[in-house]
file query_29.cif (mmCIF, C-alpha atoms)
data_work
loop_
_atom_site.label_atom_id
_atom_site.label_comp_id
_atom_site.auth_asym_id
_atom_site.auth_seq_id
_atom_site.Cartn_x
_atom_site.Cartn_y
_atom_site.Cartn_z
CA MET A 1 -60.86 -40.31 83.06
CA GLU A 2 -62.78 -41.36 86.16
CA LEU A 3 -60.66 -42.94 88.89
CA LEU A 4 -62.13 -45.14 91.61
CA THR A 5 -61.02 -45.28 95.22
CA ILE A 6 -60.22 -48.65 96.74
CA GLY A 7 -63.56 -48.51 98.59
CA ASP A 8 -65.44 -47.78 95.37
CA MET A 9 -63.56 -50.53 93.58
CA ALA A 10 -64.32 -53.02 96.36
CA ALA A 11 -68.01 -52.10 96.38
CA ARG A 12 -68.31 -52.27 92.60
CA SER A 13 -66.28 -55.48 92.10
CA GLY A 14 -67.43 -57.45 95.13
CA VAL A 15 -63.79 -57.97 96.12
CA SER A 16 -62.49 -56.87 99.51
CA PRO A 17 -59.93 -54.07 99.73
CA SER A 18 -57.36 -56.56 101.06
CA ALA A 19 -57.93 -58.77 97.99
CA LEU A 20 -57.50 -55.73 95.72
CA ARG A 21 -54.18 -54.93 97.41
CA PHE A 22 -53.16 -58.59 97.01
CA TYR A 23 -54.09 -58.58 93.29
CA GLU A 24 -52.04 -55.43 92.89
CA ARG A 25 -49.01 -56.91 94.70
CA GLU A 26 -49.30 -59.95 92.42
CA GLY A 27 -49.28 -57.72 89.33
CA LEU A 28 -52.82 -58.68 88.30
CA ILE A 29 -54.26 -55.16 88.50
CA ARG A 30 -52.77 -51.68 88.61
CA SER A 31 -53.48 -48.48 90.48
CA THR A 32 -52.06 -45.01 90.61
CA ARG A 33 -51.43 -43.05 93.80
CA THR A 34 -52.63 -39.65 94.92
CA GLY A 35 -50.39 -37.11 96.58
CA GLY A 36 -51.58 -38.61 99.88
CA ASN A 37 -50.51 -42.10 98.67
CA GLN A 38 -54.09 -43.34 98.28
CA ARG A 39 -54.82 -45.88 95.57
CA ARG A 40 -56.90 -44.92 92.55
CA TYR A 41 -58.05 -47.41 89.94
CA GLU A 42 -59.07 -46.86 86.36
CA ARG A 43 -62.54 -48.20 85.63
CA HIS A 44 -61.25 -50.81 83.16
CA GLU A 45 -59.58 -52.61 86.07
CA LEU A 46 -63.10 -53.81 86.97
CA ARG A 47 -63.01 -56.06 83.90
CA ARG A 48 -59.67 -57.51 84.98
CA ILE A 49 -61.03 -58.19 88.47
CA ALA A 50 -64.13 -59.88 87.05
CA PHE A 51 -61.86 -62.03 84.89
CA ILE A 52 -59.69 -62.92 87.89
CA ARG A 53 -62.71 -63.89 90.01
CA ILE A 54 -64.25 -66.09 87.32
CA ALA A 55 -60.92 -67.72 86.50
CA GLN A 56 -60.36 -68.53 90.17
CA GLN A 57 -63.85 -70.01 90.44
CA VAL A 58 -63.04 -72.56 87.74
CA GLY A 59 -59.70 -73.45 89.30
CA VAL A 60 -57.26 -71.43 87.20
CA SER A 61 -54.06 -70.69 89.13
CA LEU A 62 -52.90 -67.16 89.83
CA GLU A 63 -49.84 -67.81 87.68
CA GLU A 64 -52.05 -68.75 84.72
CA ILE A 65 -54.22 -65.69 85.35
CA ARG A 66 -51.15 -63.45 85.53
CA SER A 67 -49.80 -64.89 82.29
CA ALA A 68 -53.12 -64.37 80.51
CA LEU A 69 -53.55 -60.81 81.78
CA ALA A 70 -50.00 -59.97 80.72
CA THR A 71 -51.14 -60.36 77.10
CA LEU A 72 -53.70 -57.56 77.46
CA PRO A 73 -52.80 -53.96 76.63
CA GLU A 74 -51.81 -51.71 79.51
CA SER A 75 -52.48 -48.40 77.83
CA ARG A 76 -56.11 -48.96 76.83
CA THR A 77 -59.25 -50.79 77.83
CA PRO A 78 -59.17 -54.33 76.42
CA THR A 79 -61.43 -54.82 73.41
CA LYS A 80 -63.81 -57.67 72.70
CA ALA A 81 -61.15 -59.10 70.38
CA ASP A 82 -58.56 -58.96 73.19
CA TRP A 83 -60.85 -60.93 75.50
CA ALA A 84 -61.76 -63.41 72.74
CA ARG A 85 -58.08 -64.10 72.06
CA LEU A 86 -57.39 -64.56 75.75
CA SER A 87 -60.36 -66.88 76.33
CA ALA A 88 -59.43 -69.02 73.32
CA ARG A 89 -56.19 -69.91 75.10
CA TRP A 90 -58.16 -71.49 77.94
CA ARG A 91 -60.96 -73.16 75.98
CA ARG A 92 -59.32 -76.61 75.91
CA LYS A 93 -58.30 -76.43 79.56
CA LEU A 94 -61.84 -75.48 80.59
CA GLU A 95 -63.35 -78.24 78.46
CA ASP A 96 -61.03 -80.75 80.18
CA ARG A 97 -62.07 -79.45 83.60
CA ILE A 98 -65.75 -79.65 82.67
CA ALA A 99 -65.27 -83.27 81.58
CA ILE A 100 -63.59 -84.11 84.90
CA MET A 101 -66.39 -82.43 86.84
CA GLU A 102 -69.03 -84.31 84.84
CA ARG A 103 -67.30 -87.65 85.50
CA LEU A 104 -67.04 -86.77 89.18
CA ARG A 105 -70.72 -85.80 89.32
CA ASP A 106 -71.77 -89.01 87.60
CA GLN A 107 -69.60 -91.32 89.72
CA LEU A 108 -69.35 -89.57 93.08
CA THR A 109 -72.19 -91.40 94.82
CA GLY A 110 -70.85 -94.81 93.88
CA CYS A 111 -67.11 -94.52 93.47
CA ILE A 112 -64.55 -91.82 92.90
CA GLY A 113 -62.38 -94.16 90.87
CA CYS A 114 -59.40 -94.17 93.18
CA GLY A 115 -58.64 -97.88 93.00
CA CYS A 116 -59.01 -98.28 96.76
CA LEU A 117 -61.13 -101.45 96.56
CA SER A 118 -63.01 -100.17 99.60
CA LEU A 119 -66.45 -100.41 97.98
CA GLN A 120 -68.10 -103.59 96.71
CA ARG A 121 -68.39 -102.01 93.29
CA CYS A 122 -64.61 -101.62 93.02
CA ASN A 123 -64.22 -105.39 92.53
CA LEU A 124 -66.19 -105.03 89.29
CA ILE A 125 -64.71 -101.75 88.09
CA ASN A 126 -61.15 -102.24 89.29
CA PRO A 127 -60.44 -105.93 89.90
CA GLU A 128 -57.09 -106.57 91.58
CA ASP A 129 -56.47 -102.82 91.65
CA ARG A 130 -55.54 -102.67 87.96
CA LEU A 131 -55.97 -98.90 87.96
CA ALA A 132 -52.79 -98.62 90.03
CA GLU A 133 -50.86 -99.45 86.86
CA ARG A 134 -52.05 -96.19 85.27
CA GLY A 135 -50.78 -94.02 88.08
CA LYS A 136 -51.61 -92.54 91.45
CA GLY A 137 -54.89 -91.06 92.54
CA PRO A 138 -58.42 -91.20 91.13
CA GLN A 139 -57.57 -92.63 87.71
CA MET A 140 -61.18 -93.20 86.60
CA ILE A 141 -61.90 -89.52 87.05
CA LEU A 142 -58.60 -87.91 85.99
CA ASN A 143 -57.47 -90.43 83.41
CA PRO A 144 -60.49 -92.46 82.21
CA PRO A 145 -60.06 -95.27 79.69
CA ALA A 146 -60.68 -94.26 76.07
#

call {"tool": "encode", "arguments": {"input": "query_29.cif", "output": "structure tokens"}}
result
Amino acid sequence: MELLTIGDMAARSGVSPSALRFYEREGLIRSTRTGGNQRRYERHELRRIAFIRIAQQVGVSLEEIRSALATLPESRTPTKADWARLSARWRRKLEDRIAIMERLRDQLTGCIGCGCLSLQRCNLINPEDRLAERGKGPQMILNPPA
């Protein structure tokens, strides 16, 4: 079994050594130690790091990432089926986030749907601040009408 140093892991994953140490402290990845107390990583940890980086890019919290990674086997490299099962758990959440981003993209130049009445268009979209009844924040983006 080939073990990677922290420098090799950082170079291969595109993640800084300090981030690797952080991920390890958070229980997201694992390493072993040499007699000189240097970290060594199994190659399959690269897949976990790639997963962490992508998940963070789409706004998944570290707690959600930790929970998902906890379902993967520790004693072997995760299989395609393992990753498929894990990704299925997030499919709905990602679809919801994509929908929010699309609404934001489509409305950002005119209005972010906050109910602020600060733009002329708000009088047409949100007369008398009716969106305030649905809750706080950008209701047209986060909670659009059906």

call {"tool": "resolve_selection", "arguments": {"input": "query_29.cif", "expression": "the PyMOL selection byres ((chain A and resi 74) around 12)", "output": "PDB file with C-alpha atoms, in the coordinates of the input"}}
result
ATOM      1  CA  GLY A  27     -49.280 -57.720  89.330  1.00  0.00           C
ATOM      2  CA  LEU A  28     -52.820 -58.680  88.300  1.00  0.00           C
ATOM      3  CA  ILE A  29     -54.260 -55.160  88.500  1.00  0.00           C
ATOM      4  CA  ARG A  30     -52.770 -51.680  88.610  1.00  0.00           C
ATOM      5  CA  SER A  31     -53.480 -48.480  90.480  1.00  0.00           C
ATOM      6  CA  GLU A  42     -59.070 -46.860  86.360  1.00  0.00           C
ATOM      7  CA  HIS A  44     -61.250 -50.810  83.160  1.00  0.00           C
ATOM      8  CA  GLU A  45     -59.580 -52.610  86.070  1.00  0.00           C
ATOM      9  CA  ARG A  48     -59.670 -57.510  84.980  1.00  0.00           C
ATOM     10  CA  LEU A  69     -53.550 -60.810  81.780  1.00  0.00           C
ATOM     11  CA  ALA A  70     -50.000 -59.970  80.720  1.00  0.00           C
ATOM     12  CA  THR A  71     -51.140 -60.360  77.100  1.00  0.00           C
ATOM     13  CA  LEU A  72     -53.700 -57.560  77.460  1.00  0.00           C
ATOM     14  CA  PRO A  73     -52.800 -53.960  76.630  1.00  0.00           C
ATOM     15  CA  SER A  75     -52.480 -48.400  77.830  1.00  0.00           C
ATOM     16  CA  ARG A  76     -56.110 -48.960  76.830  1.00  0.00           C
ATOM     17  CA  THR A  77     -59.250 -50.790  77.830  1.00  0.00           C
ATOM     18  CA  PRO A  78     -59.170 -54.330  76.420  1.00  0.00           C
ATOM     19  CA  THR A  79     -61.430 -54.820  73.410  1.00  0.00           C
ATOM     20  CA  ASP A  82     -58.560 -58.960  73.190  1.00  0.00           C
TER      21      ASP A  82
END

call {"tool": "atom_distance", "arguments": {"input": "query_29.cif", "atom1": "atom CA of Glu2 of chain A", "atom2": "atom CA of Gln38 of chain A"}}
result
15.0 Å

call {"tool": "closest_residue", "arguments": {"input": "query_29.cif", "among": "A:Ser67, A:Ser87, A:Arg40, A:Thr5", "to": "Ile54 of chain A", "atoms": "only C-alpha atoms"}}
result
A:Ser87

call {"tool": "atom_distance", "arguments": {"input": "query_29.cif", "atom1": "atom CA of Ile65 of chain A", "atom2": "atom CA of Phe51 of chain A"}}
result
8.5 Å

call {"tool": "atom_distance", "arguments": {"input": "query_29.cif", "atom1": "atom CA of Arg25 of chain A", "atom2": "atom CA of Arg66 of chain A"}}
result
11.5 Å

call {"tool": "closest_residue", "arguments": {"input": "query_29.cif", "among": "A:Arg134, A:Asp8, A:Asp129, A:Trp90", "to": "Ala55 of chain A", "atoms": "only C-alpha atoms"}}
result
A:Trp90

call {"tool": "residues_around", "arguments": {"input": "query_29.cif", "residues": "Lys93 of chain A", "least_positions_apart": "4", "cutoff": "12 Å", "atoms": "all atoms listed in the file", "output": "ChimeraX atom specification"}}
result
/A:55,58-61,64,87-89,97-100

call {"tool": "decode", "arguments": {"input": "query_29.cif", "residues": "segment 10-53 of chain A", "atoms": "C-alpha atoms", "output": "tab-separated table (two decimals), in the first residue's frame"}}
result
chain	number	residue	atom	x	y	z
A	10	ALA	CA	-1.39	18.65	-0.76
A	11	ALA	CA	0.20	18.70	-4.21
A	12	ARG	CA	-2.06	15.95	-5.55
A	13	SER	CA	-5.32	17.22	-4.00
A	14	GLY	CA	-4.83	20.97	-4.44
A	15	VAL	CA	-5.52	21.45	-0.73
A	16	SER	CA	-2.99	23.16	1.54
A	17	PRO	CA	-1.28	21.17	4.28
A	18	SER	CA	-3.05	23.31	6.90
A	19	ALA	CA	-6.42	22.41	5.33
A	20	LEU	CA	-5.46	18.72	5.38
A	21	ARG	CA	-4.64	18.98	9.09
A	22	PHE	CA	-7.96	20.77	9.65
A	23	TYR	CA	-9.90	18.07	7.75
A	24	GLU	CA	-8.15	15.46	9.87
A	25	ARG	CA	-8.96	17.27	13.14
A	26	GLU	CA	-12.59	17.45	11.99
A	27	GLY	CA	-12.64	13.71	11.35
A	28	LEU	CA	-13.17	14.09	7.59
A	29	ILE	CA	-9.97	12.30	6.57
A	30	ARG	CA	-7.53	9.98	8.31
A	31	SER	CA	-3.79	9.55	8.41
A	32	THR	CA	-1.34	7.26	10.10
A	33	ARG	CA	1.90	8.39	11.74
A	34	THR	CA	5.48	7.34	11.17
A	35	GLY	CA	7.91	6.67	13.99
A	36	GLY	CA	8.93	10.33	13.62
A	37	ASN	CA	5.25	11.39	14.02
A	38	GLN	CA	4.90	12.45	10.39
A	39	ARG	CA	1.51	12.07	8.73
A	40	ARG	CA	0.99	9.49	6.00
A	41	TYR	CA	-2.20	9.22	3.98
A	42	GLU	CA	-3.61	6.29	2.07
A	43	ARG	CA	-4.27	7.14	-1.57
A	44	HIS	CA	-8.04	6.64	-1.22
A	45	GLU	CA	-8.15	9.72	1.02
A	46	LEU	CA	-7.74	11.73	-2.21
A	47	ARG	CA	-11.30	10.76	-3.15
A	48	ARG	CA	-12.58	11.93	0.22
A	49	ILE	CA	-10.77	15.26	-0.19
A	50	ALA	CA	-12.19	15.72	-3.69
A	51	PHE	CA	-15.65	15.03	-2.28
A	52	ILE	CA	-15.11	17.53	0.54
A	53	ARG	CA	-13.94	20.25	-1.85
